[in-house]
$ cat my_file.cif   # mmCIF, C-alpha atoms
data_entry
#
loop_
_atom_site.group_PDB
_atom_site.id
_atom_site.type_symbol
_atom_site.label_atom_id
_atom_site.label_comp_id
_atom_site.auth_asym_id
_atom_site.auth_seq_id
_atom_site.Cartn_x
_atom_site.Cartn_y
_atom_site.Cartn_z
ATOM 1 C CA MET A 15 -149.613 149.511 -147.927
ATOM 2 C CA ALA A 16 -147.472 148.038 -150.728
ATOM 3 C CA SER A 17 -144.474 150.123 -149.672
ATOM 4 C CA LEU A 18 -144.917 148.981 -146.057
ATOM 5 C CA PHE A 19 -144.973 145.333 -147.201
ATOM 6 C CA SER A 20 -141.869 145.889 -149.358
ATOM 7 C CA ALA A 21 -140.004 147.448 -146.450
ATOM 8 C CA ALA A 22 -140.936 144.560 -144.163
ATOM 9 C CA VAL A 23 -139.748 141.985 -146.675
ATOM 10 C CA ALA A 24 -136.526 143.885 -147.332
ATOM 11 C CA GLY A 25 -135.764 143.878 -143.600
ATOM 12 C CA GLN A 26 -136.040 140.118 -143.267
ATOM 13 C CA ALA A 27 -132.980 137.897 -143.514
ATOM 14 C CA VAL A 28 -133.134 135.935 -146.727
ATOM 15 C CA ALA A 29 -132.088 132.307 -146.399
ATOM 16 C CA ALA A 30 -129.005 131.593 -148.471
ATOM 17 C CA PRO A 31 -127.837 128.019 -148.922
ATOM 18 C CA GLN A 32 -124.048 127.835 -149.281
ATOM 19 C CA THR A 33 -122.049 124.959 -150.761
ATOM 20 C CA TYR A 34 -119.110 123.656 -148.733
ATOM 21 C CA GLN A 35 -116.570 121.327 -150.346
ATOM 22 C CA ILE A 36 -115.330 118.479 -148.174
ATOM 23 C CA ASP A 37 -111.679 118.993 -147.255
ATOM 24 C CA THR A 38 -110.201 115.573 -147.999
ATOM 25 C CA SER A 39 -107.081 116.353 -145.966
ATOM 26 C CA HIS A 40 -109.185 116.824 -142.809
ATOM 27 C CA THR A 41 -111.965 114.299 -143.361
ATOM 28 C CA PHE A 42 -111.584 110.818 -141.953
ATOM 29 C CA THR A 43 -114.003 107.932 -142.473
ATOM 30 C CA SER A 44 -113.543 104.722 -140.512
ATOM 31 C CA PHE A 45 -115.519 101.594 -139.800
ATOM 32 C CA SER A 46 -115.286 98.936 -137.128
ATOM 33 C CA TYR A 47 -116.633 95.464 -136.465
ATOM 34 C CA ASN A 48 -116.241 92.571 -134.037
ATOM 35 C CA HIS A 49 -113.596 90.084 -135.158
ATOM 36 C CA MET A 50 -114.628 86.650 -133.842
ATOM 37 C CA GLY A 51 -114.917 88.029 -130.307
ATOM 38 C CA PHE A 52 -111.191 88.749 -130.124
ATOM 39 C CA SER A 53 -111.211 92.490 -130.814
ATOM 40 C CA THR A 54 -112.986 95.383 -132.456
ATOM 41 C CA GLN A 55 -111.193 95.902 -135.738
ATOM 42 C CA GLN A 56 -110.732 99.485 -136.986
ATOM 43 C CA LEU A 57 -110.379 100.176 -140.713
ATOM 44 C CA ARG A 58 -110.262 103.469 -142.551
ATOM 45 C CA LEU A 59 -111.040 104.928 -145.935
ATOM 46 C CA ASP A 60 -108.308 107.265 -147.118
ATOM 47 C CA ASN A 61 -110.293 109.302 -149.636
ATOM 48 C CA THR A 62 -113.647 110.856 -148.763
ATOM 49 C CA SER A 63 -115.043 113.667 -150.921
ATOM 50 C CA GLY A 64 -118.293 115.489 -151.558
ATOM 51 C CA THR A 65 -120.325 118.538 -150.605
ATOM 52 C CA VAL A 66 -122.483 119.926 -147.835
ATOM 53 C CA VAL A 67 -125.099 122.530 -148.728
ATOM 54 C CA TYR A 68 -125.806 124.437 -145.530
ATOM 55 C CA ASP A 69 -128.203 127.296 -144.826
ATOM 56 C CA LYS A 70 -127.433 128.628 -141.363
ATOM 57 C CA GLU A 71 -130.381 131.037 -141.388
ATOM 58 C CA ALA A 72 -132.999 128.439 -142.295
ATOM 59 C CA ASN A 73 -131.352 125.512 -140.437
ATOM 60 C CA THR A 74 -131.336 123.275 -143.493
ATOM 61 C CA ALA A 75 -128.641 121.113 -145.018
ATOM 62 C CA GLU A 76 -127.953 118.549 -147.716
ATOM 63 C CA VAL A 77 -125.064 116.111 -147.562
ATOM 64 C CA ASP A 78 -123.521 114.283 -150.511
ATOM 65 C CA ILE A 79 -120.539 112.058 -149.697
ATOM 66 C CA SER A 80 -118.465 109.816 -151.948
ATOM 67 C CA LEU A 81 -116.313 107.077 -150.397
ATOM 68 C CA ASP A 82 -113.409 105.664 -152.394
ATOM 69 C CA MET A 83 -113.640 101.962 -151.564
ATOM 70 C CA THR A 84 -110.363 101.286 -153.385
ATOM 71 C CA ALA A 85 -108.707 103.373 -150.644
ATOM 72 C CA ILE A 86 -109.592 100.997 -147.783
ATOM 73 C CA ASN A 87 -106.630 100.902 -145.417
ATOM 74 C CA THR A 88 -106.298 98.142 -142.822
ATOM 75 C CA GLY A 89 -102.612 98.811 -142.173
ATOM 76 C CA PHE A 90 -101.685 95.512 -143.845
ATOM 77 C CA ALA A 91 -101.440 95.278 -147.653
ATOM 78 C CA ASP A 92 -102.488 91.620 -147.939
ATOM 79 C CA PHE A 93 -105.584 92.244 -145.822
ATOM 80 C CA ASP A 94 -106.370 95.344 -147.905
ATOM 81 C CA ALA A 95 -106.412 93.110 -150.989
ATOM 82 C CA HIS A 96 -108.716 90.611 -149.232
ATOM 83 C CA ILE A 97 -111.166 93.338 -148.136
ATOM 84 C CA LYS A 98 -111.254 94.738 -151.692
ATOM 85 C CA SER A 99 -111.768 91.308 -153.296
ATOM 86 C CA ALA A 100 -114.977 89.999 -154.868
ATOM 87 C CA ASP A 101 -115.634 88.056 -151.626
ATOM 88 C CA LEU A 102 -116.227 91.336 -149.777
ATOM 89 C CA PHE A 103 -116.369 94.873 -151.220
ATOM 90 C CA ASP A 104 -115.577 93.860 -154.830
ATOM 91 C CA THR A 105 -113.943 97.228 -155.501
ATOM 92 C CA GLU A 106 -113.070 96.275 -159.065
ATOM 93 C CA ASN A 107 -116.778 96.416 -159.923
ATOM 94 C CA PHE A 108 -117.903 98.804 -157.162
ATOM 95 C CA PRO A 109 -115.078 101.292 -156.554
ATOM 96 C CA THR A 110 -117.277 103.909 -154.896
ATOM 97 C CA ALA A 111 -119.840 103.971 -152.095
ATOM 98 C CA THR A 112 -122.093 107.002 -151.595
ATOM 99 C CA PHE A 113 -124.262 108.644 -148.984
ATOM 100 C CA LYS A 114 -126.945 111.149 -150.013
ATOM 101 C CA SER A 115 -129.072 112.837 -147.385
ATOM 102 C CA THR A 116 -132.856 112.921 -147.639
ATOM 103 C CA LYS A 117 -133.587 114.813 -144.398
ATOM 104 C CA VAL A 118 -131.464 116.713 -141.877
ATOM 105 C CA THR A 119 -133.008 117.422 -138.474
ATOM 106 C CA PHE A 120 -131.670 120.381 -136.492
ATOM 107 C CA GLU A 121 -131.698 120.965 -132.750
ATOM 108 C CA ALA A 122 -130.535 124.280 -131.255
ATOM 109 C CA ASP A 123 -129.085 125.501 -134.586
ATOM 110 C CA ALA A 124 -127.033 122.347 -135.140
ATOM 111 C CA PRO A 125 -127.784 119.192 -137.142
ATOM 112 C CA LYS A 126 -128.753 116.302 -134.865
ATOM 113 C CA THR A 127 -129.613 113.520 -137.327
ATOM 114 C CA ILE A 128 -129.023 113.047 -141.034
ATOM 115 C CA GLU A 129 -131.327 110.587 -142.755
ATOM 116 C CA GLY A 130 -130.208 109.372 -146.130
ATOM 117 C CA GLU A 131 -129.443 106.594 -148.561
ATOM 118 C CA LEU A 132 -126.208 104.644 -148.334
ATOM 119 C CA THR A 133 -125.114 102.746 -151.437
ATOM 120 C CA ILE A 134 -122.482 100.008 -151.168
ATOM 121 C CA LYS A 135 -121.830 97.417 -153.905
ATOM 122 C CA GLY A 136 -124.751 98.852 -155.874
ATOM 123 C CA ILE A 137 -127.204 98.189 -153.021
ATOM 124 C CA THR A 138 -128.988 101.177 -151.502
ATOM 125 C CA LYS A 139 -130.426 101.173 -147.976
ATOM 126 C CA PRO A 140 -131.759 103.935 -145.710
ATOM 127 C CA VAL A 141 -129.519 104.890 -142.791
ATOM 128 C CA VAL A 142 -129.529 107.563 -140.093
ATOM 129 C CA LEU A 143 -126.336 109.339 -139.098
ATOM 130 C CA GLU A 144 -126.267 110.624 -135.524
ATOM 131 C CA VAL A 145 -124.343 113.900 -135.354
ATOM 132 C CA THR A 146 -122.288 113.962 -132.152
ATOM 133 C CA HIS A 147 -120.448 117.242 -132.825
ATOM 134 C CA PHE A 148 -120.981 120.257 -135.117
ATOM 135 C CA HIS A 149 -119.036 123.516 -135.456
ATOM 136 C CA ASN A 150 -119.383 126.427 -137.893
ATOM 137 C CA ALA A 151 -116.840 129.262 -137.900
ATOM 138 C CA GLU A 152 -114.196 130.929 -140.034
ATOM 139 C CA ASN A 153 -111.242 128.647 -140.675
ATOM 140 C CA PRO A 154 -108.290 130.774 -139.468
ATOM 141 C CA MET A 155 -105.877 129.278 -141.998
ATOM 142 C CA PHE A 156 -108.014 129.841 -145.080
ATOM 143 C CA LYS A 157 -110.016 132.860 -143.856
ATOM 144 C CA LYS A 158 -113.145 131.135 -145.151
ATOM 145 C CA ASP A 159 -116.334 129.949 -143.520
ATOM 146 C CA ALA A 160 -115.995 126.295 -142.568
ATOM 147 C CA ILE A 161 -118.029 123.548 -140.979
ATOM 148 C CA GLY A 162 -116.944 120.494 -139.070
ATOM 149 C CA ALA A 163 -118.898 117.538 -137.785
ATOM 150 C CA ASN A 164 -118.609 114.068 -136.349
ATOM 151 C CA ALA A 165 -121.312 111.557 -137.186
ATOM 152 C CA THR A 166 -121.876 107.850 -136.705
ATOM 153 C CA THR A 167 -124.228 105.079 -137.799
ATOM 154 C CA THR A 168 -124.406 101.289 -137.534
ATOM 155 C CA ILE A 169 -125.345 99.034 -140.432
ATOM 156 C CA LEU A 170 -125.562 95.316 -141.130
ATOM 157 C CA ARG A 171 -122.981 94.462 -143.769
ATOM 158 C CA SER A 172 -125.101 91.529 -144.907
ATOM 159 C CA ASP A 173 -127.740 94.056 -146.043
ATOM 160 C CA PHE A 174 -125.215 95.172 -148.649
ATOM 161 C CA GLY A 175 -124.216 91.713 -149.882
ATOM 162 C CA ILE A 176 -121.082 91.543 -147.702
ATOM 163 C CA ASP A 177 -121.817 88.478 -145.608
ATOM 164 C CA LEU A 178 -118.600 86.429 -145.724
ATOM 165 C CA PHE A 179 -117.978 84.732 -142.346
ATOM 166 C CA VAL A 180 -121.142 86.117 -140.698
ATOM 167 C CA PRO A 181 -121.787 85.584 -137.792
ATOM 168 C CA ALA A 182 -118.248 84.570 -136.729
ATOM 169 C CA VAL A 183 -117.083 87.964 -137.950
ATOM 170 C CA GLY A 184 -119.616 90.535 -136.828
ATOM 171 C CA ASP A 185 -122.459 91.553 -139.095
ATOM 172 C CA GLU A 186 -122.830 94.936 -137.375
ATOM 173 C CA VAL A 187 -120.481 97.587 -138.710
ATOM 174 C CA THR A 188 -120.136 101.005 -137.104
ATOM 175 C CA ILE A 189 -119.255 103.827 -139.492
ATOM 176 C CA ASN A 190 -117.692 107.018 -138.133
ATOM 177 C CA ILE A 191 -117.179 110.169 -140.171
ATOM 178 C CA ALA A 192 -115.057 113.101 -138.990
ATOM 179 C CA LEU A 193 -115.753 115.781 -141.592
ATOM 180 C CA GLU A 194 -114.455 119.253 -142.357
ATOM 181 C CA ALA A 195 -115.662 121.332 -145.288
ATOM 182 C CA LEU A 196 -114.830 124.778 -146.628
ATOM 183 C CA LEU A 197 -117.090 127.323 -148.304
ATOM 184 C CA ASN A 198 -116.227 127.583 -151.999
ATOM 185 C CA ASN A 199 -113.099 125.535 -151.448
ATOM 186 C CA ILE A 200 -110.302 126.522 -153.844
ATOM 187 C CA ARG A 201 -107.589 124.084 -152.804
ATOM 188 C CA GLN A 202 -106.743 121.503 -150.197
ATOM 189 C CA TYR A 203 -104.304 122.537 -147.489
ATOM 190 C CA PHE A 204 -101.773 119.811 -148.306
ATOM 191 C CA SER A 205 -102.080 119.935 -152.109
#

$ encode --input "my_file.cif" --output "structure tokens"
Amino acid sequence: MASLFSAAVAGQAVAAPQTYQIDTSHTFTSFSYNHMGFSTQQLRLDNTSGTVVYDKEANTAEVDISLDMTAINTGFADFDAHIKSADLFDTENFPTATFKSTKVTFEADAPKTIEGELTIKGITKPVVLEVTHFHNAENPMFKKDAIGANATTTILRSDFGIDLFVPAVGDEVTINIALEALLNNIRQYFS
């Protein structure tokens, strides 16, 4: 009986979480908000890093993202300085924002929602990322397993102490993340 049990266990696939390093050269984080009713402004963060721990057999994942708030890019240097100032993101005192997942829900072998804690300016709030696209395959350039995803969430900036000009400038901010990550990443493609 013991040998039969051992054989059955040996034949089962053992879940194996793998750590994927975010490829900063192919990961793009942006955020948008309503600017006094005139337009939807689009800003980007030029340096997103972190890890995704993914177990494709067990359909589990953990996401840990670091956002370099000093790398906010509006396309206009003077506005960059304003966004980074103490009136808004105060990047001198809070140079990094983070997102750490607490629960990832899968649907049909792909993540559908990622619940987690977003920290901006030292304030942490729960958020839910909606995953709109997910792909897992070998990256043909690196010959390594890779994952890619697009995810979005909407927050109130005032919840994070960024309330200058609310409500004239929209309180709701939509965050979009286009992420690629490589298994046991050795180097970035453009390094």

$ axis_aligned_box --input "my_file.cif" --around "range 181-200 of chain A" --padding-each-side "3 Å" --output "lines of an AutoDock Vina configuration file"
center_x = -116.6
center_y = 106.1
center_z = -145.3
size_x = 18.5
size_y = 49.0
size_z = 23.1

$ resolve_selection --input "my_file.cif" --expression "the PyMOL selection byres ((chain A and resi 111) around 8)" --output "PyMOL selection string"
chain A and resi 80-83+108-110+112-113+132-135

$ closest_residue --input "my_file.cif" --among "A:Phe93, A:Phe148, A:Phe120, A:Phe156" --to "Ala75 in chain A" --atoms "all atoms listed in the file"
A:Phe120

$ atom_distance --input "my_file.cif" --atom1 "CA of Ala182 in chain A" --atom2 "CA of Asp92 in chain A"
20.6 Å

$ atom_distance --input "my_file.cif" --atom1 "CA of Ile36 in chain A" --atom2 "CA of Ala165 in chain A"
14.3 Å

$ resolve_selection --input "my_file.cif" --expression "the PyMOL selection byres ((chain A and resi 164) around 12)" --output "number ranges by chain"
A: 40-44, 124-128, 143-149, 161-163, 165-167, 189-195

$ closest_residue --input "my_file.cif" --among "A:Arg171, A:Lys158, A:Lys114, A:Lys139" --to "Ile79 in chain A" --atoms "all atoms listed in the file"
A:Lys114

$ closest_atom_pairs --input "my_file.cif" --of "range 98-203 of chain A" --to "range 51-55 of chain A" --cutoff "10 Å" --atoms "all atoms listed in the file" --output "Markdown table"
| residue | atom | partner | partner_atom | distance |
| --- | --- | --- | --- | --- |
| A:Ala182 | CA | A:Gly51 | CA | 8.0 |
| A:Val183 | CA | A:Gly51 | CA | 7.9 |
| A:Gly184 | CA | A:Gly51 | CA | 8.4 |
| A:Val187 | CA | A:Gln55 | CA | 9.9 |

$ resolve_selection --input "my_file.cif" --expression "the PyMOL selection byres ((chain A and resi 61) around 7)" --output "mmCIF file with C-alpha atoms, in the frame of the given file"
data_model
loop_
_atom_site.group_PDB
_atom_site.id
_atom_site.type_symbol
_atom_site.label_atom_id
_atom_site.label_comp_id
_atom_site.auth_asym_id
_atom_site.auth_seq_id
_atom_site.Cartn_x
_atom_site.Cartn_y
_atom_site.Cartn_z
ATOM 1 C CA THR A 38 -110.201 115.573 -147.999
ATOM 2 C CA LEU A 59 -111.040 104.928 -145.935
ATOM 3 C CA ASP A 60 -108.308 107.265 -147.118
ATOM 4 C CA THR A 62 -113.647 110.856 -148.763
ATOM 5 C CA SER A 63 -115.043 113.667 -150.921
ATOM 6 C CA LEU A 81 -116.313 107.077 -150.397
ATOM 7 C CA ASP A 82 -113.409 105.664 -152.394
ATOM 8 C CA ALA A 85 -108.707 103.373 -150.644
#

$ atom_distance --input "my_file.cif" --atom1 "CA of Val67 in chain A" --atom2 "CA of Thr84 in chain A"
26.3 Å

$ decode --input "my_file.cif" --residues "range 46-59 of chain A" --atoms "all heavy atoms" --output "mmCIF file, in the first residue's frame"
data_model
loop_
_atom_site.group_PDB
_atom_site.id
_atom_site.type_symbol
_atom_site.label_atom_id
_atom_site.label_comp_id
_atom_site.auth_asym_id
_atom_site.auth_seq_id
_atom_site.Cartn_x
_atom_site.Cartn_y
_atom_site.Cartn_z
ATOM 1 N N SER A 46 -3.389 58.592 -15.992
ATOM 2 C CA SER A 46 -4.128 59.645 -16.680
ATOM 3 C C SER A 46 -5.192 60.229 -15.764
ATOM 4 O O SER A 46 -5.657 59.577 -14.836
ATOM 5 C CB SER A 46 -4.767 59.095 -17.959
ATOM 6 O OG SER A 46 -5.641 58.023 -17.659
ATOM 7 N N TYR A 47 -5.557 61.469 -16.055
ATOM 8 C CA TYR A 47 -6.560 62.166 -15.250
ATOM 9 C C TYR A 47 -7.185 63.277 -16.090
ATOM 10 O O TYR A 47 -6.621 63.728 -17.092
ATOM 11 C CB TYR A 47 -5.924 62.760 -13.985
ATOM 12 C CG TYR A 47 -4.815 63.749 -14.296
ATOM 13 C CD1 TYR A 47 -5.082 65.107 -14.420
ATOM 14 C CD2 TYR A 47 -3.508 63.311 -14.495
ATOM 15 C CE1 TYR A 47 -4.071 66.009 -14.732
ATOM 16 C CE2 TYR A 47 -2.499 64.202 -14.813
ATOM 17 C CZ TYR A 47 -2.781 65.547 -14.931
ATOM 18 O OH TYR A 47 -1.785 66.432 -15.258
ATOM 19 N N ASN A 48 -8.356 63.734 -15.665
ATOM 20 C CA ASN A 48 -9.059 64.800 -16.362
ATOM 21 C C ASN A 48 -8.465 66.145 -15.972
ATOM 22 O O ASN A 48 -8.367 66.472 -14.783
ATOM 23 C CB ASN A 48 -10.550 64.750 -16.007
ATOM 24 C CG ASN A 48 -11.342 65.809 -16.742
ATOM 25 O OD1 ASN A 48 -11.219 66.988 -16.453
ATOM 26 N ND2 ASN A 48 -12.159 65.379 -17.678
ATOM 27 N N HIS A 49 -8.081 66.935 -16.970
ATOM 28 C CA HIS A 49 -7.481 68.238 -16.713
ATOM 29 C C HIS A 49 -8.494 69.349 -16.976
ATOM 30 O O HIS A 49 -8.642 69.824 -18.095
ATOM 31 C CB HIS A 49 -6.225 68.437 -17.573
ATOM 32 C CG HIS A 49 -5.501 69.708 -17.264
ATOM 33 N ND1 HIS A 49 -5.416 70.753 -18.152
ATOM 34 C CD2 HIS A 49 -4.834 70.092 -16.144
ATOM 35 C CE1 HIS A 49 -4.716 71.739 -17.602
ATOM 36 N NE2 HIS A 49 -4.352 71.365 -16.387
ATOM 37 N N MET A 50 -9.241 69.709 -15.930
ATOM 38 C CA MET A 50 -10.192 70.820 -15.952
ATOM 39 C C MET A 50 -11.217 70.693 -17.069
ATOM 40 O O MET A 50 -11.726 71.681 -17.580
ATOM 41 C CB MET A 50 -9.456 72.158 -16.048
ATOM 42 C CG MET A 50 -8.580 72.434 -14.846
ATOM 43 S SD MET A 50 -7.875 74.093 -14.817
ATOM 44 C CE MET A 50 -6.574 73.930 -16.016
ATOM 45 N N GLY A 51 -11.505 69.458 -17.492
ATOM 46 C CA GLY A 51 -12.499 69.242 -18.535
ATOM 47 C C GLY A 51 -11.974 69.446 -19.941
ATOM 48 O O GLY A 51 -12.681 69.174 -20.912
ATOM 49 N N PHE A 52 -10.724 69.906 -20.065
ATOM 50 C CA PHE A 52 -10.176 70.171 -21.395
ATOM 51 C C PHE A 52 -9.683 68.905 -22.094
ATOM 52 O O PHE A 52 -9.859 68.738 -23.292
ATOM 53 C CB PHE A 52 -9.020 71.179 -21.314
ATOM 54 C CG PHE A 52 -9.458 72.567 -20.948
ATOM 55 C CD1 PHE A 52 -9.105 73.103 -19.726
ATOM 56 C CD2 PHE A 52 -10.223 73.323 -21.817
ATOM 57 C CE1 PHE A 52 -9.508 74.386 -19.374
ATOM 58 C CE2 PHE A 52 -10.628 74.596 -21.478
ATOM 59 C CZ PHE A 52 -10.274 75.137 -20.246
ATOM 60 N N SER A 53 -9.030 68.031 -21.332
ATOM 61 C CA SER A 53 -8.450 66.827 -21.949
ATOM 62 C C SER A 53 -8.145 65.802 -20.866
ATOM 63 O O SER A 53 -8.169 66.106 -19.673
ATOM 64 C CB SER A 53 -7.160 67.173 -22.701
ATOM 65 O OG SER A 53 -6.160 67.608 -21.778
ATOM 66 N N THR A 54 -7.868 64.594 -21.321
ATOM 67 C CA THR A 54 -7.351 63.556 -20.429
ATOM 68 C C THR A 54 -5.842 63.536 -20.577
ATOM 69 O O THR A 54 -5.319 63.193 -21.642
ATOM 70 C CB THR A 54 -7.939 62.176 -20.790
ATOM 71 O OG1 THR A 54 -9.362 62.233 -20.645
ATOM 72 C CG2 THR A 54 -7.375 61.100 -19.870
ATOM 73 N N GLN A 55 -5.168 63.976 -19.541
ATOM 74 C CA GLN A 55 -3.708 64.047 -19.568
ATOM 75 C C GLN A 55 -3.106 62.658 -19.374
ATOM 76 O O GLN A 55 -3.596 61.866 -18.558
ATOM 77 C CB GLN A 55 -3.200 64.985 -18.471
ATOM 78 C CG GLN A 55 -3.560 66.430 -18.707
ATOM 79 C CD GLN A 55 -2.775 67.030 -19.857
ATOM 80 O OE1 GLN A 55 -1.562 67.158 -19.791
ATOM 81 N NE2 GLN A 55 -3.475 67.380 -20.928
ATOM 82 N N GLN A 56 -2.030 62.371 -20.099
ATOM 83 C CA GLN A 56 -1.338 61.083 -20.027
ATOM 84 C C GLN A 56 0.091 61.325 -19.572
ATOM 85 O O GLN A 56 0.827 62.063 -20.225
ATOM 86 C CB GLN A 56 -1.308 60.415 -21.408
ATOM 87 C CG GLN A 56 -2.661 60.282 -22.086
ATOM 88 C CD GLN A 56 -3.426 59.083 -21.587
ATOM 89 O OE1 GLN A 56 -2.854 58.161 -21.023
ATOM 90 N NE2 GLN A 56 -4.726 59.089 -21.807
ATOM 91 N N LEU A 57 0.469 60.722 -18.445
ATOM 92 C CA LEU A 57 1.830 60.831 -17.931
ATOM 93 C C LEU A 57 2.404 59.435 -17.812
ATOM 94 O O LEU A 57 1.668 58.460 -17.701
ATOM 95 C CB LEU A 57 1.846 61.512 -16.558
ATOM 96 C CG LEU A 57 1.559 63.007 -16.510
ATOM 97 C CD1 LEU A 57 0.088 63.284 -16.769
ATOM 98 C CD2 LEU A 57 1.938 63.578 -15.147
ATOM 99 N N ARG A 58 3.727 59.337 -17.791
ATOM 100 C CA ARG A 58 4.331 58.017 -17.678
ATOM 101 C C ARG A 58 5.420 58.004 -16.621
ATOM 102 O O ARG A 58 5.961 59.048 -16.254
ATOM 103 C CB ARG A 58 4.873 57.550 -19.017
ATOM 104 C CG ARG A 58 6.122 58.260 -19.471
ATOM 105 C CD ARG A 58 6.627 57.668 -20.778
ATOM 106 N NE ARG A 58 7.998 58.079 -21.017
ATOM 107 C CZ ARG A 58 8.422 58.629 -22.143
ATOM 108 N NH1 ARG A 58 7.577 58.840 -23.127
ATOM 109 N NH2 ARG A 58 9.684 58.964 -22.284
ATOM 110 N N LEU A 59 5.714 56.795 -16.169
ATOM 111 C CA LEU A 59 6.827 56.569 -15.257
ATOM 112 C C LEU A 59 7.874 55.764 -16.021
ATOM 113 O O LEU A 59 7.577 54.692 -16.545
ATOM 114 C CB LEU A 59 6.365 55.796 -14.018
ATOM 115 C CG LEU A 59 5.423 56.564 -13.109
ATOM 116 C CD1 LEU A 59 4.798 55.643 -12.076
ATOM 117 C CD2 LEU A 59 6.161 57.691 -12.417
#
